[in-house]
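Presented below is the structure to which this report refers.
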Amino acid sequence: MKCVISVLGKDRSGIVAGVATTLAQCNANIDDISQTILGQEEVFSMTMLVTLDPATADFNEVQEKLEALGAELGVQIIIQREDVFQFMYKI
């Protein structure tokens with residue numbers, strides 16, 4: 001199952017490592033990643049396309065782990081199924 005992950009918050013060390021480690025622990029594969037620092041306020045923004053293997057990774061469990069990580073790091077982490085993401089942004 002393809003999923004889109006969005007991360008947004010104040011830049012700090014460990015965000016990419018934390019998300020990547022959490023995904024690896026959930027047997028998720030990172031297919032694509034884009035990150036940037038926005039403006040002088042140093043707002044960190046990252047978007048990832050990941051693949052979850054339904055046999056080894058439960059979407060709800062991954063979502064809960066990423067939400068907990070976001071709270072720990074002080075950033076917002078949102079995961080959406082790619083089909084839902086695509087539907088939401090269709091014009």
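In the structure tokens, each chain is lettered A, B, ... as it comes, each chain's residues begin at 1, and ligands are numbered from 1 in order of appearance.
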
### Task
Determine, counting only C-alpha atoms, which protein, DNA and RNA residues have an atom within 10 Å of an atom of stretch 31-48 of chain A; residues of the same chain fewer than 6 positions away are not included. Present the result as a PyMOL selection string.
chain A and resi 2-12+15-16+19-20+75-79

Write out as a PDB file with N, CA, C and O atoms, in the first residue's frame which residues come within 12 Å of A:Ala55 when counting only C-alpha atoms, dropping same-chain ones fewer than 4 positions away.
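Saved the output as result.pdb:
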```
ATOM      1  N   MET A   1       0.845  -1.159   0.000  1.00  0.00           N
ATOM      2  CA  MET A   1       0.000   0.000   0.000  1.00  0.00           C
ATOM      3  C   MET A   1       0.900   1.235   0.000  1.00  0.00           C
ATOM      4  O   MET A   1       1.781   1.377   0.841  1.00  0.00           O
ATOM      5  N   CYS A  26       8.669  -0.530  11.239  1.00  0.00           N
ATOM      6  CA  CYS A  26       7.349  -0.977  10.774  1.00  0.00           C
ATOM      7  C   CYS A  26       7.435  -1.706   9.431  1.00  0.00           C
ATOM      8  O   CYS A  26       6.405  -1.976   8.801  1.00  0.00           O
ATOM      9  N   ASN A  27       8.643  -2.012   8.986  1.00  0.00           N
ATOM     10  CA  ASN A  27       8.873  -2.699   7.708  1.00  0.00           C
ATOM     11  C   ASN A  27       8.330  -1.914   6.518  1.00  0.00           C
ATOM     12  O   ASN A  27       7.868  -2.490   5.542  1.00  0.00           O
ATOM     13  N   ALA A  28       8.389  -0.586   6.607  1.00  0.00           N
ATOM     14  CA  ALA A  28       7.960   0.267   5.498  1.00  0.00           C
ATOM     15  C   ALA A  28       9.180   0.626   4.660  1.00  0.00           C
ATOM     16  O   ALA A  28      10.294   0.741   5.177  1.00  0.00           O
ATOM     17  N   THR A  51       5.987   2.750   0.959  1.00  0.00           N
ATOM     18  CA  THR A  51       5.203   1.546   0.701  1.00  0.00           C
ATOM     19  C   THR A  51       5.125   0.740   1.984  1.00  0.00           C
ATOM     20  O   THR A  51       6.150   0.433   2.594  1.00  0.00           O
ATOM     21  N   PHE A  59      -1.467  -0.120   8.855  1.00  0.00           N
ATOM     22  CA  PHE A  59      -1.547   1.328   8.661  1.00  0.00           C
ATOM     23  C   PHE A  59      -1.816   2.054   9.969  1.00  0.00           C
ATOM     24  O   PHE A  59      -1.149   3.044  10.299  1.00  0.00           O
TER      25      PHE A  59
END
```

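Atom pair atom CA of A:Glu82 / atom CA of A:Asp58 has a distance of 15.0 Å (rounded to one decimal).
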
### Message
I need the residues in chain A that are strand (DSSP E or B) according to DSSP; give them as a PyMOL selection string.
### Response
chain A and resi 2-10+28-38+43-52+75-81

### Task
Could you check how far atom CA of A:Val50 sits from atom CA of A:Ala68, in Å to one decimal?
18.4 Å

### Query
What is the distance, in Å and to one decimal place, between atom CA of A:Ala17 and atom CA of A:Thr56?
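According to the coordinates, atom CA of A:Ala17 and atom CA of A:Thr56 are separated by 21.2 Å.
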
### Task
DSSP on the backbone, then: every residue of chain A marked helix (DSSP H, G or I), written as a ChimeraX atom specification.
/A:15-25,59-73,82-88

Preceding selection exported with C-alpha atoms as a CSV table (one decimal), in the first residue's frame:
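Result file is again-v7.csv:
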```csv
chain,number,residue,atom,x,y,z
A,15,ILE,CA,13.6,14.5,12.5
A,16,VAL,CA,14.6,12.6,9.3
A,17,ALA,CA,16.4,9.9,11.4
A,18,GLY,CA,13.5,9.5,13.7
A,19,VAL,CA,10.9,9.1,10.9
A,20,ALA,CA,13.2,6.8,8.9
A,21,THR,CA,13.9,4.6,11.9
A,22,THR,CA,10.2,4.4,12.9
A,23,LEU,CA,9.3,3.4,9.3
A,24,ALA,CA,12.1,0.8,9.2
A,25,GLN,CA,10.8,-0.7,12.5
A,59,PHE,CA,-1.5,1.3,8.7
A,60,ASN,CA,-3.2,2.3,12.0
A,61,GLU,CA,-0.1,1.1,14.0
A,62,VAL,CA,2.3,3.0,11.7
A,63,GLN,CA,0.0,6.1,12.1
A,64,GLU,CA,0.0,5.8,15.9
A,65,LYS,CA,3.8,5.4,16.0
A,66,LEU,CA,4.4,8.4,13.7
A,67,GLU,CA,2.0,10.6,15.8
A,68,ALA,CA,3.8,9.6,19.0
A,69,LEU,CA,7.2,10.5,17.3
A,70,GLY,CA,5.8,13.8,16.2
A,71,ALA,CA,4.8,14.7,19.7
A,72,GLU,CA,8.2,13.7,20.9
A,73,LEU,CA,10.0,15.8,18.3
A,82,GLU,CA,-2.0,7.6,-1.5
A,83,ASP,CA,-5.4,6.9,-3.0
A,84,VAL,CA,-7.0,9.1,-0.4
A,85,PHE,CA,-4.3,11.8,-0.8
A,86,GLN,CA,-4.8,11.8,-4.6
A,87,PHE,CA,-8.6,12.0,-4.3
A,88,MET,CA,-8.4,14.9,-1.9
```
